[in-house]
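Asks: Below is a structure I'd like to ask you about.
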Amino acid sequence: MTDVLIAGSGPTGLTLACDLARRGLGVRVVEQRAEPHRESRGKGLQPGSLEVFAELGVAERMGAVGRTGLVLRKYFDGAPVRDTPTAGDGLIIGQWQVEQVLRDRLAELGVHVEHGSRLAAIRQDTAGVDAELTDGTVIRAAYLAGCDGGGSTTRKLLEIPFEGHTAQEEEMVLGDVRAPGLSREFWHQWFSSEEGGILLCPIPGTDVFQLQASPERDEEGRQLPPSLEGFQRLFDRHARMPGIRLADPTWLSSWRINVRMAARMREGRAFLAGDAAHVHPIAGGFGMNTGIQDAAALARTLAAALTGTAGPEVLDAYQAERLPVAAEVLADTTRRYERVVEAVRTPGRGTEAGAD
């Protein structure tokens, strides 16, 4: 029987796995994807996350990959209006890069992600958890951690309500693209007299920019799915830099307002962490960082229970610590997102919007 089975190999699951493995505990990590992704997604580490990574012995590696002190350049109707340095105590880095560093560290600790594995059923008793995979394999573990994202299979199998609301229409299109000729010394944010805007942030160590923009609509007002051609039209409309041609999209996605929180983060010997437990607006970059903090707290809790340094009541400490934090993050990111939306929709206000 393994000590902890972790479902999901994003930043949350990998942080938890590294923290437990370095303490000498037995860990297995299952991931439904057939292989690692290379999508920028969350692109910034906050000081609290870097402190966690220092404990895991990977903070310097993250720093070598990422970048600090990137300047946010804001434009209005194509003209630069303000340069603002980003926080020097954070780190710009693509999510796939964070995951690569953590996977390498986990391998050093003797653990490898089991790709192409997905939960199908969960059964618990007083001594442990039986997790059945879709191929019929059953893994016996003392504890189970669901770190498998907003659509968490773990949460659904545990029948834990995911309370909140989801918008019907996408509010933003996202992607990773090349933009030859565009300066990589700036995080570019364009607003215009027309409603909407676009943002391109360089991902360090690559020639890729992460793009975020208001979605396109057709003649009848229906939203169009993200595409390279659509990204180019949005860029031309807002950035007004005719010499720049976007190219080589490696990630195309869309995002809608999704503000939800699990009714509880523990069900017996099974726990939820990261997006499996809470999802919220992307403003401020709190998603990846909150999940990393969840993982650190859950590692402390499970290690105390497994090593016998605390009684069974310690298992309640994780939810007591992290559920209020999740609630506050949801409220904070919603406020931030509303400010950004107001700036985008009100011509001239974009120059006053924060770098969210």
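Residue numbering restarts at 1 for every chain of the structure tokens, chains are lettered A, B, ... in their displayed order, and ligands are numbered from 1 as they appear.
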Which polymer residues have any atom within 6 Å of an atom of range 131-146 of chain A, counting only C-alpha atoms, with same-chain residues fewer than 4 positions away left out, as JSON, numbers by chain?

Replies: {"A": [1, 2, 3, 4, 5, 6, 7, 118, 119, 120, 121, 122, 154, 269, 270, 271, 272]}

Asks: For range 52-57 of chain A, find every residue with an atom within 10 Å (counting only C-alpha atoms), except residues of its own chain fewer than 2 positions away, and show them as a list in words.

Replies: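 The contact residues come out as Thr15, Cys18, Asp19, Leu20, Ala21, Arg22, Pro47, Gly48, Ser49, Leu50, Ala59, Glu60, Arg61, Met62, Leu102, Arg105, Leu106, Ile292, Gln293, Ala295 and Ala296 of chain A.
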
Asks: What would the file look like if the residues just selected were written as a compact mmCIF listing (two decimals), in the first residue's frame with all heavy atoms?

Replies:
# COMPACT_ATOMS: atom_id res chain seq x y z
N THR A 15 3.80 19.58 -6.74
CA THR A 15 4.32 20.16 -5.49
C THR A 15 4.04 19.23 -4.32
O THR A 15 4.93 18.97 -3.49
CB THR A 15 3.68 21.54 -5.23
OG1 THR A 15 4.03 22.44 -6.29
CG2 THR A 15 4.16 22.13 -3.91
N CYS A 18 6.35 16.11 -4.58
CA CYS A 18 7.73 16.40 -4.19
C CYS A 18 7.87 16.58 -2.69
O CYS A 18 8.83 16.07 -2.07
CB CYS A 18 8.22 17.67 -4.90
SG CYS A 18 8.54 17.49 -6.67
N ASP A 19 6.92 17.29 -2.08
CA ASP A 19 6.99 17.55 -0.65
C ASP A 19 6.88 16.26 0.15
O ASP A 19 7.62 16.04 1.13
CB ASP A 19 5.88 18.54 -0.25
CG ASP A 19 6.23 19.32 1.01
OD1 ASP A 19 7.07 18.85 1.78
OD2 ASP A 19 5.64 20.40 1.22
N LEU A 20 5.98 15.38 -0.24
CA LEU A 20 5.83 14.11 0.47
C LEU A 20 7.02 13.20 0.24
O LEU A 20 7.53 12.56 1.17
CB LEU A 20 4.54 13.42 0.02
CG LEU A 20 3.23 14.11 0.42
CD1 LEU A 20 2.05 13.45 -0.28
CD2 LEU A 20 3.03 14.09 1.93
N ALA A 21 7.49 13.13 -1.00
CA ALA A 21 8.61 12.24 -1.33
C ALA A 21 9.88 12.65 -0.61
O ALA A 21 10.66 11.79 -0.16
CB ALA A 21 8.82 12.20 -2.83
N ARG A 22 10.11 13.96 -0.47
CA ARG A 22 11.33 14.41 0.20
C ARG A 22 11.29 14.08 1.69
O ARG A 22 12.34 14.04 2.35
CB ARG A 22 11.54 15.91 -0.01
CG ARG A 22 10.66 16.81 0.85
CD ARG A 22 10.86 18.28 0.55
NE ARG A 22 9.97 19.12 1.34
CZ ARG A 22 10.31 19.69 2.49
NH1 ARG A 22 11.53 19.53 2.99
NH2 ARG A 22 9.45 20.45 3.16
N PRO A 47 5.73 35.33 -4.31
CA PRO A 47 6.74 35.03 -3.29
C PRO A 47 6.42 33.82 -2.42
O PRO A 47 7.32 33.03 -2.09
CB PRO A 47 6.77 36.32 -2.46
CG PRO A 47 6.38 37.39 -3.43
CD PRO A 47 5.36 36.75 -4.33
N GLY A 48 5.16 33.64 -2.06
CA GLY A 48 4.80 32.50 -1.23
C GLY A 48 5.09 31.17 -1.91
O GLY A 48 5.54 30.21 -1.27
N SER A 49 4.86 31.10 -3.21
CA SER A 49 5.15 29.88 -3.96
C SER A 49 6.65 29.65 -4.05
O SER A 49 7.13 28.51 -3.95
CB SER A 49 4.55 29.96 -5.36
OG SER A 49 3.14 30.04 -5.30
N LEU A 50 7.41 30.73 -4.23
CA LEU A 50 8.86 30.60 -4.30
C LEU A 50 9.43 30.12 -2.96
O LEU A 50 10.42 29.38 -2.93
CB LEU A 50 9.49 31.93 -4.71
CG LEU A 50 9.17 32.37 -6.15
CD1 LEU A 50 9.68 33.79 -6.40
CD2 LEU A 50 9.76 31.40 -7.16
N ALA A 59 13.83 26.36 -6.02
CA ALA A 59 13.62 27.79 -6.23
C ALA A 59 14.66 28.36 -7.19
O ALA A 59 14.33 29.17 -8.07
CB ALA A 59 13.66 28.54 -4.90
N GLU A 60 15.92 27.95 -7.05
CA GLU A 60 16.95 28.46 -7.94
C GLU A 60 16.73 27.99 -9.37
O GLU A 60 16.98 28.72 -10.33
CB GLU A 60 18.34 28.04 -7.45
CG GLU A 60 18.76 28.74 -6.16
CD GLU A 60 20.18 28.43 -5.78
OE1 GLU A 60 20.87 27.68 -6.54
OE2 GLU A 60 20.63 28.91 -4.72
N ARG A 61 16.26 26.77 -9.52
CA ARG A 61 15.98 26.26 -10.87
C ARG A 61 14.86 27.06 -11.52
O ARG A 61 14.89 27.37 -12.71
CB ARG A 61 15.60 24.78 -10.82
CG ARG A 61 16.68 23.89 -10.24
CD ARG A 61 16.27 22.43 -10.36
NE ARG A 61 16.90 21.61 -9.34
CZ ARG A 61 16.74 20.30 -9.23
NH1 ARG A 61 15.95 19.66 -10.08
NH2 ARG A 61 17.34 19.62 -8.27
N MET A 62 13.82 27.38 -10.73
CA MET A 62 12.73 28.20 -11.26
C MET A 62 13.26 29.56 -11.68
O MET A 62 12.92 30.09 -12.76
CB MET A 62 11.64 28.38 -10.20
CG MET A 62 10.94 27.11 -9.78
SD MET A 62 9.84 26.44 -11.04
CE MET A 62 9.20 24.99 -10.15
N LEU A 102 9.45 20.69 -11.63
CA LEU A 102 8.94 19.83 -10.55
C LEU A 102 9.01 18.36 -10.93
O LEU A 102 9.33 17.51 -10.08
CB LEU A 102 7.50 20.23 -10.20
CG LEU A 102 7.34 21.58 -9.50
CD1 LEU A 102 5.87 21.95 -9.38
CD2 LEU A 102 7.99 21.56 -8.12
N ARG A 105 12.55 17.27 -10.41
CA ARG A 105 12.83 17.10 -8.98
C ARG A 105 12.20 15.83 -8.45
O ARG A 105 12.81 15.08 -7.67
CB ARG A 105 12.32 18.32 -8.20
CG ARG A 105 12.48 18.23 -6.69
CD ARG A 105 13.92 18.08 -6.29
NE ARG A 105 14.10 18.08 -4.84
CZ ARG A 105 14.97 17.31 -4.20
NH1 ARG A 105 15.76 16.46 -4.88
NH2 ARG A 105 15.07 17.38 -2.89
N LEU A 106 10.98 15.55 -8.87
CA LEU A 106 10.28 14.35 -8.43
C LEU A 106 11.02 13.10 -8.89
O LEU A 106 11.15 12.12 -8.14
CB LEU A 106 8.85 14.36 -8.96
CG LEU A 106 7.90 13.30 -8.42
CD1 LEU A 106 7.76 13.41 -6.90
CD2 LEU A 106 6.53 13.42 -9.09
N ILE A 292 -0.46 25.74 -5.29
CA ILE A 292 0.84 25.39 -4.72
C ILE A 292 0.79 25.53 -3.19
O ILE A 292 1.32 24.68 -2.45
CB ILE A 292 1.93 26.29 -5.32
CG1 ILE A 292 2.17 25.91 -6.79
CG2 ILE A 292 3.24 26.20 -4.53
CD1 ILE A 292 2.96 26.93 -7.58
N GLN A 293 0.13 26.59 -2.71
CA GLN A 293 0.00 26.76 -1.26
C GLN A 293 -0.88 25.67 -0.65
O GLN A 293 -0.61 25.19 0.46
CB GLN A 293 -0.57 28.14 -0.97
CG GLN A 293 0.31 29.30 -1.40
CD GLN A 293 1.56 29.42 -0.55
OE1 GLN A 293 1.57 29.13 0.64
NE2 GLN A 293 2.65 29.84 -1.17
N ALA A 295 -1.06 22.65 -1.74
CA ALA A 295 -0.23 21.45 -1.73
C ALA A 295 0.71 21.44 -0.54
O ALA A 295 0.90 20.39 0.11
CB ALA A 295 0.55 21.34 -3.03
N ALA A 296 1.32 22.58 -0.24
CA ALA A 296 2.24 22.66 0.90
C ALA A 296 1.51 22.38 2.21
O ALA A 296 2.02 21.66 3.08
CB ALA A 296 2.91 24.04 0.94

Asks: When DSSP works through the backbone of this structure, what residues of range 177-267 of chain A end up as helix (DSSP H, G or I), shown as a VMD selection string?

Replies: chain A and resid 228 to 238

Asks: Which residue out of A:Leu298, A:Ala277, A:Ala179, A:Val65 has the minimum interatomic distance to Cys201 in chain A when only C-alpha atoms are used?

Replies: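 Of A:Leu298, A:Ala277, A:Ala179, A:Val65, the one nearest Cys201 in chain A is A:Ala179, counting only C-alpha atoms.
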
Asks: Return the single residue from A:Ala247, A:Glu195, A:Lys74, A:Thr12 that is closest to Thr290 in chain A, with distances computed using only C-alpha atoms.

Replies: A:Thr12

Asks: Using only C-alpha atoms, which residues sit within 12 Å of His188 in chain A once same-chain residues fewer than 3 positions away are excluded, as a PDB file with N, CA and C atoms, in the first residue's frame?

Replies:
ATOM      1  N   LEU A  70      10.032  42.290 -15.404  1.00  0.00           N
ATOM      2  CA  LEU A  70       9.524  42.597 -16.739  1.00  0.00           C
ATOM      3  C   LEU A  70       8.663  43.864 -16.679  1.00  0.00           C
ATOM      4  N   VAL A  71       8.809  44.719 -17.670  1.00  0.00           N
ATOM      5  CA  VAL A  71       8.069  45.988 -17.700  1.00  0.00           C
ATOM      6  C   VAL A  71       6.738  45.800 -18.424  1.00  0.00           C
ATOM      7  N   LEU A  72       5.659  46.238 -17.793  1.00  0.00           N
ATOM      8  CA  LEU A  72       4.345  46.242 -18.429  1.00  0.00           C
ATOM      9  C   LEU A  72       4.195  47.547 -19.200  1.00  0.00           C
ATOM     10  N   ARG A  73       4.070  47.455 -20.525  1.00  0.00           N
ATOM     11  CA  ARG A  73       3.866  48.644 -21.370  1.00  0.00           C
ATOM     12  C   ARG A  73       2.405  48.699 -21.797  1.00  0.00           C
ATOM     13  N   LYS A  74       1.733  49.784 -21.441  1.00  0.00           N
ATOM     14  CA  LYS A  74       0.329  49.960 -21.805  1.00  0.00           C
ATOM     15  C   LYS A  74       0.217  50.942 -22.969  1.00  0.00           C
ATOM     16  N   TYR A  75      -0.747  50.633 -23.845  1.00  0.00           N
ATOM     17  CA  TYR A  75      -0.985  51.443 -25.038  1.00  0.00           C
ATOM     18  C   TYR A  75      -2.456  51.850 -25.076  1.00  0.00           C
ATOM     19  N   PHE A  76      -2.710  52.994 -25.714  1.00  0.00           N
ATOM     20  CA  PHE A  76      -4.095  53.382 -25.993  1.00  0.00           C
ATOM     21  C   PHE A  76      -4.168  53.845 -27.435  1.00  0.00           C
ATOM     22  N   GLY A  78      -3.057  52.364 -29.941  1.00  0.00           N
ATOM     23  CA  GLY A  78      -1.797  52.061 -30.596  1.00  0.00           C
ATOM     24  C   GLY A  78      -0.587  52.795 -30.070  1.00  0.00           C
ATOM     25  N   ALA A  79      -0.769  53.828 -29.259  1.00  0.00           N
ATOM     26  CA  ALA A  79       0.353  54.629 -28.768  1.00  0.00           C
ATOM     27  C   ALA A  79       0.716  54.243 -27.333  1.00  0.00           C
ATOM     28  N   PRO A  80       2.014  54.099 -27.025  1.00  0.00           N
ATOM     29  CA  PRO A  80       2.419  53.806 -25.637  1.00  0.00           C
ATOM     30  C   PRO A  80       2.015  54.952 -24.719  1.00  0.00           C
ATOM     31  N   VAL A  81       1.461  54.598 -23.541  1.00  0.00           N
ATOM     32  CA  VAL A  81       1.043  55.650 -22.601  1.00  0.00           C
ATOM     33  C   VAL A  81       1.694  55.504 -21.235  1.00  0.00           C
ATOM     34  N   ARG A  82       2.161  54.287 -20.887  1.00  0.00           N
ATOM     35  CA  ARG A  82       2.768  54.144 -19.558  1.00  0.00           C
ATOM     36  C   ARG A  82       3.559  52.849 -19.484  1.00  0.00           C
ATOM     37  N   ASP A  83       4.725  52.906 -18.829  1.00  0.00           N
ATOM     38  CA  ASP A  83       5.520  51.721 -18.527  1.00  0.00           C
ATOM     39  C   ASP A  83       5.534  51.519 -17.012  1.00  0.00           C
ATOM     40  N   THR A  84       5.222  50.304 -16.586  1.00  0.00           N
ATOM     41  CA  THR A  84       5.179  49.990 -15.158  1.00  0.00           C
ATOM     42  C   THR A  84       5.947  48.710 -14.899  1.00  0.00           C
ATOM     43  N   PRO A  85       7.002  48.753 -14.068  1.00  0.00           N
ATOM     44  CA  PRO A  85       7.712  47.510 -13.743  1.00  0.00           C
ATOM     45  C   PRO A  85       6.790  46.562 -12.987  1.00  0.00           C
ATOM     46  N   THR A  86       6.853  45.293 -13.332  1.00  0.00           N
ATOM     47  CA  THR A  86       6.098  44.300 -12.563  1.00  0.00           C
ATOM     48  C   THR A  86       6.808  44.053 -11.240  1.00  0.00           C
ATOM     49  N   ALA A 179       5.519  36.075 -32.248  1.00  0.00           N
ATOM     50  CA  ALA A 179       5.235  37.412 -32.798  1.00  0.00           C
ATOM     51  C   ALA A 179       6.557  38.037 -33.223  1.00  0.00           C
ATOM     52  N   LEU A 182       8.197  41.783 -32.425  1.00  0.00           N
ATOM     53  CA  LEU A 182       7.638  42.436 -31.241  1.00  0.00           C
ATOM     54  C   LEU A 182       8.642  42.326 -30.095  1.00  0.00           C
ATOM     55  N   SER A 183       8.923  43.430 -29.436  1.00  0.00           N
ATOM     56  CA  SER A 183       9.919  43.451 -28.362  1.00  0.00           C
ATOM     57  C   SER A 183       9.550  42.486 -27.238  1.00  0.00           C
ATOM     58  N   ARG A 184      10.531  41.703 -26.797  1.00  0.00           N
ATOM     59  CA  ARG A 184      10.332  40.791 -25.680  1.00  0.00           C
ATOM     60  C   ARG A 184      10.762  41.427 -24.355  1.00  0.00           C
ATOM     61  N   GLU A 185      11.076  42.715 -24.398  1.00  0.00           N
ATOM     62  CA  GLU A 185      11.443  43.432 -23.172  1.00  0.00           C
ATOM     63  C   GLU A 185      10.222  43.956 -22.440  1.00  0.00           C
ATOM     64  N   PHE A 191      -5.155  48.838 -25.155  1.00  0.00           N
ATOM     65  CA  PHE A 191      -6.559  49.220 -25.066  1.00  0.00           C
ATOM     66  C   PHE A 191      -6.844  50.141 -26.239  1.00  0.00           C
ATOM     67  N   GLY A 197      -9.690  44.670 -25.886  1.00  0.00           N
ATOM     68  CA  GLY A 197      -8.264  44.894 -25.779  1.00  0.00           C
ATOM     69  C   GLY A 197      -7.523  43.589 -25.984  1.00  0.00           C
ATOM     70  N   ILE A 198      -6.190  43.665 -25.931  1.00  0.00           N
ATOM     71  CA  ILE A 198      -5.370  42.480 -26.144  1.00  0.00           C
ATOM     72  C   ILE A 198      -4.078  42.617 -25.349  1.00  0.00           C
ATOM     73  N   LEU A 199      -3.555  41.495 -24.908  1.00  0.00           N
ATOM     74  CA  LEU A 199      -2.346  41.466 -24.098  1.00  0.00           C
ATOM     75  C   LEU A 199      -1.430  40.383 -24.633  1.00  0.00           C
ATOM     76  N   LEU A 200      -0.136  40.677 -24.748  1.00  0.00           N
ATOM     77  CA  LEU A 200       0.862  39.681 -25.120  1.00  0.00           C
ATOM     78  C   LEU A 200       2.007  39.731 -24.117  1.00  0.00           C
ATOM     79  N   CYS A 201       2.267  38.599 -23.485  1.00  0.00           N
ATOM     80  CA  CYS A 201       3.328  38.495 -22.474  1.00  0.00           C
ATOM     81  C   CYS A 201       4.378  37.500 -22.950  1.00  0.00           C
ATOM     82  N   PRO A 202       5.664  37.885 -23.006  1.00  0.00           N
ATOM     83  CA  PRO A 202       6.703  36.947 -23.441  1.00  0.00           C
ATOM     84  C   PRO A 202       6.959  35.876 -22.383  1.00  0.00           C
ATOM     85  N   PHE A 209       4.867  34.176 -27.056  1.00  0.00           N
ATOM     86  CA  PHE A 209       4.097  35.114 -26.238  1.00  0.00           C
ATOM     87  C   PHE A 209       2.785  34.442 -25.839  1.00  0.00           C
ATOM     88  N   GLN A 210       2.353  34.664 -24.597  1.00  0.00           N
ATOM     89  CA  GLN A 210       0.979  34.288 -24.255  1.00  0.00           C
ATOM     90  C   GLN A 210       0.070  35.448 -24.651  1.00  0.00           C
ATOM     91  N   LEU A 211      -0.995  35.132 -25.385  1.00  0.00           N
ATOM     92  CA  LEU A 211      -1.955  36.131 -25.836  1.00  0.00           C
ATOM     93  C   LEU A 211      -3.248  35.979 -25.051  1.00  0.00           C
ATOM     94  N   GLN A 212      -3.798  37.115 -24.613  1.00  0.00           N
ATOM     95  CA  GLN A 212      -5.134  37.161 -24.008  1.00  0.00           C
ATOM     96  C   GLN A 212      -5.891  38.289 -24.698  1.00  0.00           C
ATOM     97  N   ALA A 213      -7.147  38.063 -25.024  1.00  0.00           N
ATOM     98  CA  ALA A 213      -7.929  39.100 -25.702  1.00  0.00           C
ATOM     99  C   ALA A 213      -9.412  38.869 -25.495  1.00  0.00           C
ATOM    100  N   PHE A 235      -5.291  41.489 -32.976  1.00  0.00           N
ATOM    101  CA  PHE A 235      -4.034  42.221 -32.821  1.00  0.00           C
ATOM    102  C   PHE A 235      -4.024  43.466 -33.711  1.00  0.00           C
ATOM    103  N   HIS A 238      -6.398  46.243 -32.254  1.00  0.00           N
ATOM    104  CA  HIS A 238      -6.044  46.924 -31.011  1.00  0.00           C
ATOM    105  C   HIS A 238      -4.599  47.413 -30.973  1.00  0.00           C
ATOM    106  N   ALA A 239      -3.640  46.624 -31.483  1.00  0.00           N
ATOM    107  CA  ALA A 239      -2.237  47.006 -31.394  1.00  0.00           C
ATOM    108  C   ALA A 239      -1.829  47.977 -32.499  1.00  0.00           C
ATOM    109  N   ALA A 355      -2.281  46.039 -13.529  1.00  0.00           N
ATOM    110  CA  ALA A 355      -1.671  44.961 -14.312  1.00  0.00           C
ATOM    111  C   ALA A 355      -2.173  43.622 -13.843  1.00  0.00           C
TER     112      ALA A 355
END

Asks: What does the distance between CA of Asp176 in chain A and CA of Gly8 in chain A come to in Å, to one decimal place?

Replies: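 A separation of 22.6 Å between them.
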
Asks: I'd like the neighbourhood of Val98 in chain A as a VMD selection string, where a residue qualifies if any of its atoms comes within 12 Å (using only C-alpha atoms), though same-chain residues fewer than 5 positions away should be ignored.

Replies: chain A and resid 9 to 15 36 to 45 49 to 50 53 58 to 66 91 to 93 103 to 105 203 to 204 288 to 289 292

Asks: Would you please work out which residue, of A:Thr301, A:Thr68, A:Asn258, A:Gln97, is nearest to His278 in chain A when using only C-alpha atoms?

Replies: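 That would be A:Asn258, the residue with the smallest distance to His278 in chain A.
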
Asks: Please determine, counting only C-alpha atoms, which residue among A:Ala299, A:Ala34, A:Leu234, A:Ala326 has the shortest atom-to-atom distance to Val314 in chain A.

Replies: A:Ala299

Asks: Between A:Glu220, A:Pro161, A:Gly116, A:Arg33, which is the closest to Ala263 in chain A once you count only C-alpha atoms?

Replies: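 Counting only C-alpha atoms, the residue closest to Ala263 in chain A is A:Pro161.
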
Asks: Using DSSP secondary structure from the backbone, list all strand (DSSP E or B) positions within range 191-234 of chain A, as a list of chain:residue names.

Replies: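 Across range 191-234 of chain A, those assigned strand (DSSP E or B) are A:Phe191, A:Gly197, A:Ile198, A:Leu199, A:Leu200, A:Cys201, A:Pro202, A:Val208, A:Phe209, A:Gln210, A:Leu211, A:Gln212, A:Ala213, A:Arg217, A:Gln223.
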
Asks: To one decimal in Å, tell me the separation between CA of Leu330 in chain A and CA of Met261 in chain A.

Replies: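 Interatomic distance, CA of Leu330 in chain A to CA of Met261 in chain A: 8.2 Å.
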
Asks: Between A:Thr153, A:Thr126, A:Gln168, A:Gln319, which is the closest to Met265 in chain A once you count only C-alpha atoms?

Replies: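 Once distances to Met265 in chain A are computed over only C-alpha atoms, the minimum belongs to A:Gln319.
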
Asks: When you look at Trp255 in chain A with a cut-off of 8 Å (counting only C-alpha atoms), what residues show up, excluding the ones that are within fewer than 6 positions of it in the same chain? I need them as a ChimeraX atom specification.

Replies: /A:170-174

Asks: Output the selection as a PDB file, in the first residue's frame - C-alpha atoms for each residue.

Replies:
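The resulting file, out.pdb, is reproduced below:
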ATOM      1  CA  GLU A 170     -16.542  32.904 -23.082  1.00  0.00           C
ATOM      2  CA  GLU A 171     -15.102  36.164 -21.809  1.00  0.00           C
ATOM      3  CA  MET A 172     -11.602  35.743 -23.206  1.00  0.00           C
ATOM      4  CA  VAL A 173      -9.566  33.882 -25.807  1.00  0.00           C
ATOM      5  CA  LEU A 174      -6.035  32.747 -24.990  1.00  0.00           C
TER       6      LEU A 174
END
